[in-house]
$ cat target_35.cif   # mmCIF, C-alpha atoms
data_my_file
#
loop_
_atom_site.label_atom_id
_atom_site.label_comp_id
_atom_site.auth_asym_id
_atom_site.auth_seq_id
_atom_site.Cartn_x
_atom_site.Cartn_y
_atom_site.Cartn_z
CA MET P 1 -13.41 25.03 -13.57
CA THR P 2 -14.99 22.41 -11.37
CA SER P 3 -16.36 20.45 -14.32
CA LEU P 4 -12.98 20.58 -16.06
CA GLY P 5 -11.26 19.34 -12.92
CA SER P 6 -13.77 16.50 -12.52
CA LEU P 7 -13.41 15.49 -16.16
CA THR P 8 -9.61 15.56 -15.90
CA GLU P 9 -9.72 13.41 -12.77
CA PHE P 10 -12.07 10.95 -14.48
CA VAL P 11 -9.81 10.60 -17.50
CA ALA P 12 -6.78 10.16 -15.25
CA SER P 13 -8.58 7.46 -13.26
CA GLN P 14 -9.46 5.58 -16.45
CA ASP P 15 -5.84 5.74 -17.60
CA GLU P 16 -4.72 4.38 -14.22
CA LEU P 17 -7.20 1.52 -14.50
CA LEU P 18 -5.80 0.66 -17.94
CA ARG P 19 -2.24 0.66 -16.57
CA GLU P 20 -3.24 -1.57 -13.67
CA ALA P 21 -4.98 -3.98 -16.04
CA ALA P 22 -1.87 -4.12 -18.26
CA LEU P 23 0.32 -4.90 -15.24
CA THR P 24 -2.08 -7.52 -13.87
CA LEU P 25 -2.61 -9.32 -17.17
CA PRO P 26 0.38 -8.52 -19.39
CA HIS P 27 0.28 -11.84 -21.21
CA GLU P 28 -1.69 -13.23 -24.10
CA PHE P 29 -4.19 -15.91 -23.07
CA SER P 30 -5.28 -17.31 -26.41
CA ARG P 31 -3.40 -20.62 -26.38
CA CYS P 32 -3.70 -23.62 -24.10
CA THR P 33 -0.34 -25.10 -23.06
CA TYR P 34 -1.46 -28.72 -23.58
CA SER P 35 0.40 -28.99 -26.89
CA LEU P 36 3.65 -28.00 -25.14
CA GLY P 37 3.59 -31.23 -23.12
CA PRO P 38 4.62 -31.52 -19.44
CA ILE P 39 6.34 -28.27 -18.41
CA ARG P 40 6.82 -26.22 -15.25
CA GLN P 41 4.08 -23.61 -15.31
CA ALA P 42 1.62 -21.74 -13.10
CA ILE P 43 -1.36 -23.98 -12.31
CA TYR P 44 -4.87 -23.10 -11.13
CA LEU P 45 -7.42 -25.25 -9.32
CA CYS P 46 -11.05 -24.75 -10.30
CA LEU P 47 -13.23 -25.05 -7.20
CA THR P 48 -16.41 -24.74 -9.24
CA CYS P 49 -15.62 -27.84 -11.29
CA GLN P 50 -14.81 -29.70 -8.03
CA LEU P 51 -12.21 -31.93 -9.64
CA PRO P 52 -8.58 -32.45 -8.49
CA ARG P 53 -7.19 -31.26 -11.81
CA GLY P 54 -5.07 -28.31 -12.90
CA LEU P 55 -5.55 -25.51 -15.43
CA CYS P 56 -2.93 -23.47 -17.26
CA SER P 57 -3.06 -19.68 -17.05
CA SER P 58 -4.79 -19.30 -20.41
CA CYS P 59 -7.56 -21.80 -19.64
CA SER P 60 -8.13 -20.32 -16.18
CA ILE P 61 -9.04 -17.04 -17.89
CA ALA P 62 -10.54 -18.10 -21.23
CA CYS P 63 -12.40 -21.28 -20.22
CA HIS P 64 -13.19 -20.86 -16.49
CA THR P 65 -13.67 -17.09 -16.31
CA ASP P 66 -16.74 -17.14 -14.07
CA HIS P 67 -15.55 -20.03 -11.90
CA GLU P 68 -14.03 -19.79 -8.43
CA GLN P 69 -10.35 -20.70 -8.57
CA ILE P 70 -7.23 -20.99 -6.41
CA GLU P 71 -3.76 -20.31 -7.77
CA LEU P 72 -1.44 -23.21 -6.94
CA PHE P 73 1.58 -21.40 -8.43
CA PRO P 74 4.26 -23.28 -10.43
CA LYS P 75 4.17 -27.07 -10.68
CA ARG P 76 6.85 -28.97 -12.57
CA ASN P 77 6.25 -31.57 -15.30
CA PHE P 78 2.58 -30.63 -15.50
CA ARG P 79 0.29 -30.71 -18.52
CA CYS P 80 -2.93 -28.69 -18.61
CA ASP P 81 -6.00 -30.82 -17.82
CA CYS P 82 -8.57 -28.46 -19.34
CA PRO P 83 -8.81 -30.11 -22.79
CA THR P 84 -8.84 -33.64 -21.36
CA THR P 85 -11.83 -35.85 -20.65
CA ALA P 86 -11.07 -35.52 -16.92
CA ILE P 87 -12.84 -32.13 -16.93
CA PRO P 88 -16.39 -32.12 -18.37
CA HIS P 89 -16.23 -28.34 -18.88
CA GLY P 90 -15.14 -28.00 -22.50
CA CYS P 91 -11.90 -26.21 -23.35
CA THR P 92 -12.47 -23.20 -25.64
CA LEU P 93 -8.80 -22.96 -26.69
CA HIS P 94 -8.03 -26.61 -27.47
CA ARG P 95 -11.09 -27.92 -29.27
CA SER P 96 -10.22 -31.59 -29.74
CA PRO P 97 -10.79 -33.63 -26.53
CA GLU P 98 -7.70 -35.38 -25.20
CA GLU P 99 -7.22 -38.38 -22.94
CA GLU P 100 -6.53 -37.90 -19.24
CA ASN P 101 -2.98 -36.92 -18.29
CA ARG P 102 -1.48 -40.03 -16.71
CA GLU P 103 1.90 -38.46 -15.95
CA ASN P 104 0.64 -35.47 -13.94
CA SER P 105 1.23 -35.59 -10.20
CA TYR P 106 -1.63 -34.38 -7.99
CA ASN P 107 -0.68 -33.69 -4.38
CA GLN P 108 -3.03 -32.49 -1.65
CA ASN P 109 -3.02 -28.97 -3.13
CA PHE P 110 -5.38 -30.24 -5.82
CA ARG P 111 -7.86 -31.06 -3.04
CA SER P 112 -7.56 -27.47 -1.79
CA THR P 113 -5.52 -28.44 1.28
CA PHE P 114 -1.98 -27.31 2.07
CA CYS P 115 0.89 -27.81 4.49
CA ARG P 116 1.49 -30.70 6.90
CA CYS P 117 -1.46 -29.42 8.93
CA GLY P 118 -3.82 -30.05 6.01
CA ARG P 119 -5.69 -26.77 6.35
CA PRO P 120 -7.47 -25.20 3.36
CA TYR P 121 -6.19 -21.86 2.11
CA ASP P 122 -8.37 -18.76 2.29
CA PRO P 123 -6.58 -15.64 1.01
CA LYS P 124 -9.16 -13.40 2.67
CA SER P 125 -8.46 -14.62 6.20
CA GLU P 126 -4.97 -16.17 6.09
CA ARG P 127 -2.52 -14.05 8.10
CA GLU P 128 0.62 -16.13 7.75
CA THR P 129 3.07 -16.21 4.89
CA MET P 130 3.18 -19.60 3.20
CA ILE P 131 6.43 -21.02 1.81
CA GLN P 132 6.70 -23.45 -1.11
CA CYS P 133 8.90 -26.53 -0.87
CA LEU P 134 11.40 -26.69 -3.71
CA ALA P 135 11.04 -30.47 -4.02
CA CYS P 136 7.36 -31.43 -3.60
CA GLU P 137 6.06 -27.88 -4.31
CA ASP P 138 3.54 -28.03 -1.47
CA TRP P 139 2.97 -24.89 0.61
CA PHE P 140 3.67 -24.57 4.35
CA HIS P 141 2.65 -22.11 7.08
CA GLU P 142 5.45 -20.34 8.92
CA SER P 143 4.03 -21.56 12.23
CA CYS P 144 4.09 -25.16 11.02
CA LEU P 145 7.78 -24.67 10.23
CA HIS P 146 8.29 -23.31 13.78
CA LEU P 147 9.28 -19.91 12.45
CA ARG P 148 6.63 -18.20 14.57
CA THR P 149 3.78 -18.94 16.96
CA ARG P 150 0.54 -19.72 15.20
CA PRO P 151 -1.77 -16.67 15.24
CA SER P 152 -4.77 -17.07 17.53
CA SER P 153 -7.16 -15.64 14.95
CA ARG P 154 -7.55 -16.00 11.21
CA GLU P 155 -9.32 -12.66 10.94
CA SER P 156 -7.91 -9.78 8.94
CA SER P 157 -4.77 -8.37 10.49
CA PRO P 158 -5.10 -5.09 12.39
CA ILE P 159 -2.83 -2.22 11.43
CA PRO P 160 0.00 -2.04 13.99
CA GLU P 161 0.41 1.23 15.87
CA SER P 162 3.93 1.59 14.47
CA ASP P 163 2.44 1.79 10.97
CA VAL P 164 0.20 4.65 12.02
CA THR P 165 2.78 6.66 13.94
CA ASN P 166 5.77 5.97 11.67
CA HIS P 167 4.11 5.77 8.28
CA GLY P 168 6.37 8.50 6.97
CA ASN P 169 9.61 6.89 8.11
CA ASP P 170 11.67 4.32 6.27
CA THR P 171 11.81 0.88 7.86
CA ASP P 172 14.04 -2.08 7.23
CA ASP P 173 12.94 -5.25 5.46
CA THR P 174 12.27 -7.13 8.70
CA GLN P 175 9.95 -4.43 10.02
CA SER P 176 8.20 -4.26 6.67
CA GLU P 177 7.69 -8.01 6.64
CA ALA P 178 6.28 -7.93 10.15
CA SER P 179 3.93 -5.01 9.58
CA SER P 180 2.52 -6.44 6.34
CA SER P 181 0.76 -9.21 8.29
CA GLY P 182 0.46 -7.57 11.70
CA LEU P 183 2.67 -10.34 13.15
CA PRO P 184 6.14 -10.23 14.69
CA PRO P 185 9.09 -11.13 12.43
CA PRO P 186 9.66 -14.87 11.86
CA LEU P 187 12.67 -16.75 13.20
CA ILE P 188 14.04 -16.94 9.65
CA SER P 189 13.04 -14.10 7.34
CA ALA P 190 12.79 -14.28 3.55
CA GLU P 191 16.11 -12.45 3.24
CA ASP P 192 17.92 -15.18 5.20
CA TYR P 193 17.45 -18.02 2.70
CA ASP P 194 17.03 -18.74 -0.99
CA ALA P 195 15.12 -22.05 -1.04
CA PHE P 196 13.16 -24.26 1.33
CA VAL P 197 12.81 -28.07 1.40
CA CYS P 198 10.28 -29.72 3.71
CA SER P 199 11.17 -32.52 6.11
CA SER P 200 9.47 -35.27 4.10
CA CYS P 201 11.58 -34.44 1.05
CA VAL P 202 14.76 -34.04 3.10
CA ARG P 203 14.31 -37.51 4.60
CA SER P 204 13.84 -39.01 1.15
CA ILE P 205 16.99 -37.41 -0.33
CA ASP P 206 20.14 -38.73 1.36
CA THR P 207 22.36 -35.86 0.22
CA LEU P 208 20.09 -33.18 1.70
CA ARG P 209 19.80 -35.10 4.95
CA ARG P 210 23.60 -35.35 5.03
CA TYR P 211 24.02 -31.56 4.61
CA ALA P 212 21.29 -30.59 7.11
CA GLY P 213 22.53 -28.24 9.78
CA THR P 214 25.89 -27.58 8.11
CA GLN P 215 27.07 -24.22 6.85
CA GLY P 216 24.38 -22.50 4.80
CA VAL P 217 21.79 -25.27 5.31
CA ILE P 218 19.65 -23.94 8.15
CA MET P 219 17.44 -26.11 10.35
CA VAL P 220 15.01 -25.10 13.10
CA VAL P 221 15.58 -27.18 16.22
CA ARG P 222 15.08 -27.10 19.96
CA ASP P 223 16.96 -28.76 22.80
CA ALA P 224 13.94 -29.91 24.79
CA GLU P 225 10.16 -29.75 24.77
CA ASP P 226 10.10 -26.54 26.81
CA SER P 227 13.03 -24.93 24.98
CA PRO P 228 12.57 -22.21 22.34
CA TRP P 229 13.09 -23.00 18.70
CA ARG P 230 16.44 -21.84 17.32
CA LYS P 231 18.45 -21.85 14.09
CA LEU P 232 21.09 -24.49 13.40
CA GLY P 233 23.70 -23.96 10.66
CA GLY P 234 22.94 -20.35 9.88
CA ASN P 235 26.17 -19.17 8.24
CA PRO P 236 25.59 -18.20 4.58
CA LEU P 237 27.27 -20.06 1.73
CA ARG P 238 29.50 -17.31 0.34
CA ALA P 239 32.83 -17.60 -1.38
CA ASP P 240 34.47 -15.42 1.25
CA ALA P 241 32.74 -17.04 4.23
CA PRO P 242 34.93 -18.97 6.67
CA THR P 243 34.67 -22.71 6.18
CA THR P 244 35.77 -25.75 8.07
CA THR P 245 39.40 -26.78 7.90
CA GLU P 246 40.71 -28.87 5.04
CA ASP P 247 41.01 -31.97 7.21
CA ASP P 248 37.36 -31.69 8.19
CA LEU P 249 36.16 -31.94 4.58
CA LEU P 250 34.75 -35.30 3.52
CA ASP P 251 34.22 -36.93 0.15
CA ILE P 252 30.44 -36.90 -0.02
CA ASP P 253 30.34 -39.95 -2.33
CA ASP P 254 32.44 -41.95 0.13
CA TYR P 255 30.31 -40.76 3.03
CA LEU P 256 27.04 -41.77 1.42
CA ALA P 257 28.49 -45.15 0.51
CA ALA P 258 30.04 -45.75 3.95
CA PRO P 259 28.82 -43.23 6.54
CA GLY P 260 31.32 -42.20 9.18
CA GLN P 261 34.49 -42.87 7.22
CA LYS P 262 36.78 -39.87 6.86
CA ARG P 263 38.43 -39.42 3.52
CA SER P 264 42.24 -39.19 3.40
CA ARG P 265 43.24 -35.96 1.67
CA SER P 266 46.59 -37.40 0.58
CA HIS P 267 44.95 -40.14 -1.43
CA SER P 268 44.01 -37.87 -4.34
CA VAL P 269 46.96 -35.49 -4.09
CA HIS P 270 49.92 -37.89 -3.91
CA SER P 271 50.41 -41.05 -5.93
CA GLU P 272 52.57 -44.06 -5.19
CA GLU P 273 53.53 -44.24 -8.87
CA PRO P 274 56.72 -42.44 -10.02
CA GLU P 275 56.21 -38.83 -11.04
CA ARG P 276 55.45 -38.53 -14.74
CA LYS P 277 57.46 -36.28 -16.98
CA LYS P 278 55.96 -32.86 -17.54
CA GLN P 279 55.87 -33.23 -21.32
CA HIS P 280 53.63 -36.29 -20.95
CA ILE P 281 50.23 -34.83 -20.19
CA SER P 282 47.66 -37.19 -18.79
CA PRO P 283 44.00 -36.29 -18.14
CA GLU P 284 43.44 -35.06 -14.61
CA PRO P 285 41.04 -37.09 -12.53
CA SER P 286 37.74 -35.42 -11.74
CA SER P 287 37.78 -33.51 -8.47
CA PRO P 288 36.04 -35.31 -5.60
CA CYS P 289 32.88 -33.80 -4.18
CA LEU P 290 33.92 -32.45 -0.78
CA ALA P 291 31.49 -31.49 1.95
CA PRO P 292 31.79 -30.27 5.53
CA ALA P 293 31.57 -32.80 8.31
CA PRO P 294 27.99 -33.79 9.21
CA ASN P 295 26.34 -31.77 11.93
CA PRO P 296 26.14 -34.18 14.87
CA ILE P 297 23.03 -32.51 16.31
CA ALA P 298 21.13 -32.75 13.04
CA GLN P 299 22.17 -36.34 12.35
CA ALA P 300 21.31 -37.43 15.89
CA ILE P 301 17.86 -35.87 15.55
CA PHE P 302 17.26 -37.58 12.21
CA GLN P 303 18.34 -40.96 13.59
CA GLY P 304 16.25 -40.50 16.70
CA SER P 305 13.18 -39.53 14.71
CA GLN P 306 13.35 -42.84 12.87
CA GLN P 307 12.91 -44.74 16.13
CA PRO P 308 9.22 -45.44 16.92
CA SER P 309 8.09 -43.87 20.17
CA ASP P 310 4.67 -42.78 21.34
CA THR P 311 6.07 -40.31 23.87
CA LYS P 312 8.93 -38.95 21.77
CA VAL P 313 9.30 -35.16 21.87
CA SER P 314 9.83 -33.54 18.48
CA LEU P 315 13.15 -31.68 18.50
CA THR P 316 12.82 -30.75 14.82
CA GLU P 317 10.58 -31.38 11.86
CA GLY P 318 13.63 -31.82 9.65
CA ASP P 319 12.97 -28.91 7.29
CA ILE P 320 15.97 -27.11 5.78
CA PHE P 321 16.45 -23.56 4.50
CA LEU P 322 19.17 -23.21 1.85
CA THR P 323 20.98 -19.87 1.86
CA GLU P 324 22.06 -17.84 -1.16
CA GLY P 325 24.66 -19.57 -3.32
CA TRP P 326 23.70 -23.07 -2.20
CA ARG P 327 23.77 -24.42 -5.77
CA GLU P 328 27.47 -23.54 -5.94
CA THR P 329 28.08 -26.16 -3.26
CA CYS P 330 29.14 -29.61 -4.42
CA PHE P 331 25.97 -31.69 -4.25
CA SER P 332 26.45 -35.29 -5.28
CA SER P 333 24.07 -38.08 -6.24
CA LEU P 334 21.27 -35.73 -7.26
CA SER P 335 20.76 -36.83 -10.86
CA ASP P 336 17.23 -37.93 -9.92
CA HIS P 337 16.51 -34.43 -8.63
CA PRO P 338 17.78 -32.05 -11.34
CA TYR P 339 15.86 -29.09 -9.87
CA LEU P 340 18.39 -29.15 -7.00
CA LEU P 341 21.34 -28.91 -9.36
CA GLU P 342 20.07 -26.18 -11.67
CA GLU P 343 17.33 -23.60 -11.43
CA GLU P 344 14.29 -24.58 -13.47
CA GLU P 345 12.72 -22.52 -16.21
CA THR P 346 9.08 -21.67 -15.62
CA TYR P 347 6.87 -21.15 -18.65
CA GLU P 348 5.15 -17.80 -19.08
CA PRO P 349 2.60 -17.03 -21.80
CA PRO P 350 3.80 -14.65 -24.52
CA GLU P 351 3.25 -10.97 -23.85
CA ASP P 352 0.07 -9.45 -25.19
CA PRO P 353 1.00 -6.73 -27.71
CA ASP P 354 -2.33 -5.00 -27.02
CA SER P 355 -2.03 -4.90 -23.21
CA ALA P 356 -0.50 -1.41 -23.12
CA LEU P 357 -2.88 0.14 -25.66
CA SER P 358 -5.65 2.55 -24.66
CA LEU P 359 -9.28 1.98 -25.51
CA GLU P 360 -9.00 4.55 -28.31
CA GLU P 361 -5.98 2.75 -29.78
CA LEU P 362 -7.74 -0.60 -29.56
CA GLY P 363 -10.77 0.94 -31.26
CA MET P 364 -8.66 2.34 -34.09
CA ARG P 365 -6.95 -1.03 -34.56
CA ALA P 366 -10.34 -2.75 -34.79
CA LEU P 367 -11.50 -0.09 -37.24
CA GLU P 368 -8.49 -0.69 -39.49
CA ARG P 369 -9.44 -4.36 -39.80
CA LEU P 370 -12.94 -3.58 -41.11
CA PRO P 371 -13.77 -3.51 -44.85
CA ARG P 372 -13.47 -0.02 -46.33
CA ASP P 373 -17.21 0.65 -46.75
CA ARG P 374 -18.01 -0.45 -43.19
CA ALA P 375 -15.09 1.58 -41.83
CA ILE P 376 -16.37 4.73 -43.57
CA ASP P 377 -19.89 4.16 -42.18
CA GLY P 378 -18.40 3.69 -38.71
CA ILE P 379 -16.36 6.89 -38.91
CA ARG P 380 -19.39 8.85 -40.13
CA ALA P 381 -21.54 7.51 -37.27
CA PHE P 382 -18.81 8.35 -34.74
CA ASN P 383 -18.50 11.93 -36.05
CA ASP P 384 -22.27 12.39 -35.84
CA MET P 385 -22.31 11.17 -32.23
CA ARG P 386 -19.34 13.42 -31.40
CA ASP P 387 -21.12 16.50 -32.79
CA ASP P 388 -24.32 15.67 -30.88
CA LEU P 389 -22.37 15.12 -27.67
CA LEU P 390 -20.52 18.44 -28.01
CA ALA P 391 -23.79 20.26 -28.58
CA TYR P 392 -25.31 18.54 -25.54
CA LEU P 393 -22.37 19.37 -23.25
CA ARG P 394 -21.89 22.99 -24.39
CA PRO P 395 -24.56 24.44 -22.04
CA PHE P 396 -22.95 22.65 -19.07
CA ALA P 397 -19.61 24.26 -19.87
CA GLN P 398 -21.13 27.71 -20.38
CA GLU P 399 -23.06 27.60 -17.11
CA GLY P 400 -20.30 25.87 -15.08
CA ARG P 401 -22.51 22.89 -14.25
CA ILE P 402 -21.11 19.44 -13.45
CA VAL P 403 -22.10 16.63 -15.81
CA GLY P 404 -23.62 13.84 -13.72
CA GLU P 405 -24.39 10.22 -14.45
CA ALA P 406 -28.05 10.99 -15.04
CA ASP P 407 -27.09 13.56 -17.69
CA VAL P 408 -24.92 11.07 -19.56
CA ARG P 409 -27.66 8.43 -19.42
CA GLN P 410 -30.19 10.92 -20.75
CA PHE P 411 -27.95 11.78 -23.70
CA PHE P 412 -27.55 8.16 -24.82
CA GLU P 413 -31.22 7.38 -24.24
CA THR P 414 -32.16 10.31 -26.45
CA LEU P 415 -29.62 9.20 -29.04
CA HIS P 416 -31.01 5.67 -29.00
CA GLU P 417 -34.61 6.89 -29.38
CA SER P 418 -33.71 9.16 -32.31
CA LYS P 419 -32.00 6.27 -34.14
CA HIS P 420 -34.96 4.01 -33.40
CA ASP P 421 -37.44 6.57 -34.79
CA SER P 422 -35.36 7.08 -37.94
#

$ encode --input "target_35.cif" --output "structure tokens"
Amino acid sequence: MTSLGSLTEFVASQDELLREAALTLPHEFSRCTYSLGPIRQAIYLCLTCQLPRGLCSSCSIACHTDHEQIELFPKRNFRCDCPTTAIPHGCTLHRSPEEENRENSYNQNFRSTFCRCGRPYDPKSERETMIQCLACEDWFHESCLHLRTRPSSRESSPIPESDVTNHGNDTDDTQSEASSSGLPPPLISAEDYDAFVCSSCVRSIDTLRRYAGTQGVIMVVRDAEDSPWRKLGGNPLRADAPTTTEDDLLDIDDYLAAPGQKRSRSHSVHSEEPERKKQHISPEPSSPCLAPAPNPIAQAIFQGSQQPSDTKVSLTEGDIFLTEGWRETCFSSLSDHPYLLEEEETYEPPEDPDSALSLEELGMRALERLPRDRAIDGIRAFNDMRDDLLAYLRPFAQEGRIVGEADVRQFFETLHESKHDS
């Protein structure tokens, strides 16, 4: 009974390992993405090759299997560098060498440094959650975004007492987020926003700087050097959320062209020309892009941060957190930044049809591909080994003994010696 239970547990553990492997690597990694051109895809940095270049998912597995790597996550307009002359390590999926990719953009992530603090990333010791900027796609620590105090230690997080005493109780998302790292909840949790844009990108995009601190575009600010950090503009962008009054809405195109000028609502509604007859239908003019009035606190901070000062106290970094539904807002003048107007498609390798198959099923599939005479020889050899194994294990079952590793090794050593002698 004991041996049966042990064997059943062993088989169950092997099945669980197969399921975990299928979930971890569900895709087929037999094709380099170089031929697809520049696309948004998951990129890996090979630390062993020590070159600031990026690998696609397939090449990270097929070509750099035994190399130390860091996942950089999705990068837009990126072409795999593995088959190019920039990486001496030959690509096993794309045999013909290609010239270096001149259009790829390599930020500091490709030098294994991240965030505005420039620290390297170590998944074994990093306690903080890192957040990716939608625009530059760099990664930032929560403490560097003033969402929490920087942890004093980079050692592995201890298990909070609440996890030990309340492990059987349901907790909300905020408590779960806090307990996962052993740190208190951040000022802005992942459920509070949909996208993040770092201060450098906000300052370079006039429209985002204009919206900073308004409804649904959250900033983290403070009133003085010794004041706590707080949220500015935290109301979500929902269709049923209260908005500013109609007179407070501005034409964003007019504002960007001439800041500070308030748009007259009557200009687009009423016309000085006589009213046209109803049967004469003329095309309606395109609706103006209306936006809430600028947040005076945010704009004052941005203007003040542009003034050089050695003793200036930072009241904000200028980062923004866009709440759910932010793309439904009227954003103007963003044709140079299409990822802000529409969610991008990220390439994923095709699914591996064999990922969910068991070892027995994979073996049978391989057997079916063999020539008939070799397949028959293989089946005969398998049946002979099966009969020998049953005969070897029968005494263990009759006597209730557990089959150990040494017993299994002895069986195959004996089998190997008998084949060698014959």

$ resolve_selection --input "target_35.cif" --expression "the PyMOL selection byres ((chain P and resi 219) around 10)" --output "PyMOL selection string"
chain P and resi 145+188+199+212-214+216-218+220-222+229-234+298+316-322

$ axis_aligned_box --input "target_35.cif" --around "segment 26-35 of chain P" --padding-each-side "8 Å" --output "lines of an AutoDock Vina configuration file"
center_x = -2.4
center_y = -18.8
center_z = -23.1
size_x = 21.7
size_y = 36.5
size_z = 23.5

$ resolve_selection --input "target_35.cif" --expression "the PyMOL selection byres ((chain P and resi 113) around 12)" --output "VMD selection string"
chain P and resid 45 47 52 70 72 106 to 112 114 to 122 138 to 141

$ closest_residue --input "target_35.cif" --among "P:Leu208, P:Ala300, P:Ile61, P:Leu415" --to "Asp384 of chain P" --atoms "all atoms listed in the file"
P:Leu415

$ residues_around --input "target_35.cif" --residues "Thr149 of chain P" --least-positions-apart "5" --cutoff "12 Å" --atoms "all atoms listed in the file" --output "VMD selection string"
chain P and resid 127 to 128 141 to 144 183 to 187 228 to 229

$ atom_distance --input "target_35.cif" --atom1 "atom CA of Ser96 of chain P" --atom2 "atom CA of Arg31 of chain P"
13.3 Å

$ closest_residue --input "target_35.cif" --among "P:Leu17, P:Ala86, P:Ile301, P:Cys59" --to "Cys32 of chain P" --atoms "all atoms listed in the file"
P:Cys59

$ closest_residue --input "target_35.cif" --among "P:Thr48, P:Pro349, P:Phe29, P:Thr129" --to "Leu93 of chain P" --atoms "all atoms listed in the file"
P:Phe29

$ atom_distance --input "target_35.cif" --atom1 "atom CA of Ala381 of chain P" --atom2 "atom CA of Asp421 of chain P"
16.1 Å

$ atom_distance --input "target_35.cif" --atom1 "atom CA of Ile39 of chain P" --atom2 "atom CA of Asn77 of chain P"
4.5 Å

$ resolve_selection --input "target_35.cif" --expression "the PyMOL selection byres ((chain P and resi 345) around 12)" --output "PyMOL selection string"
chain P and resi 39-42+74-77+338-339+342-344+346-348

$ closest_residue --input "target_35.cif" --among "P:Arg203, P:Gly325, P:Thr414, P:Ala195" --to "Gln303 of chain P" --atoms "only C-alpha atoms"
P:Arg203
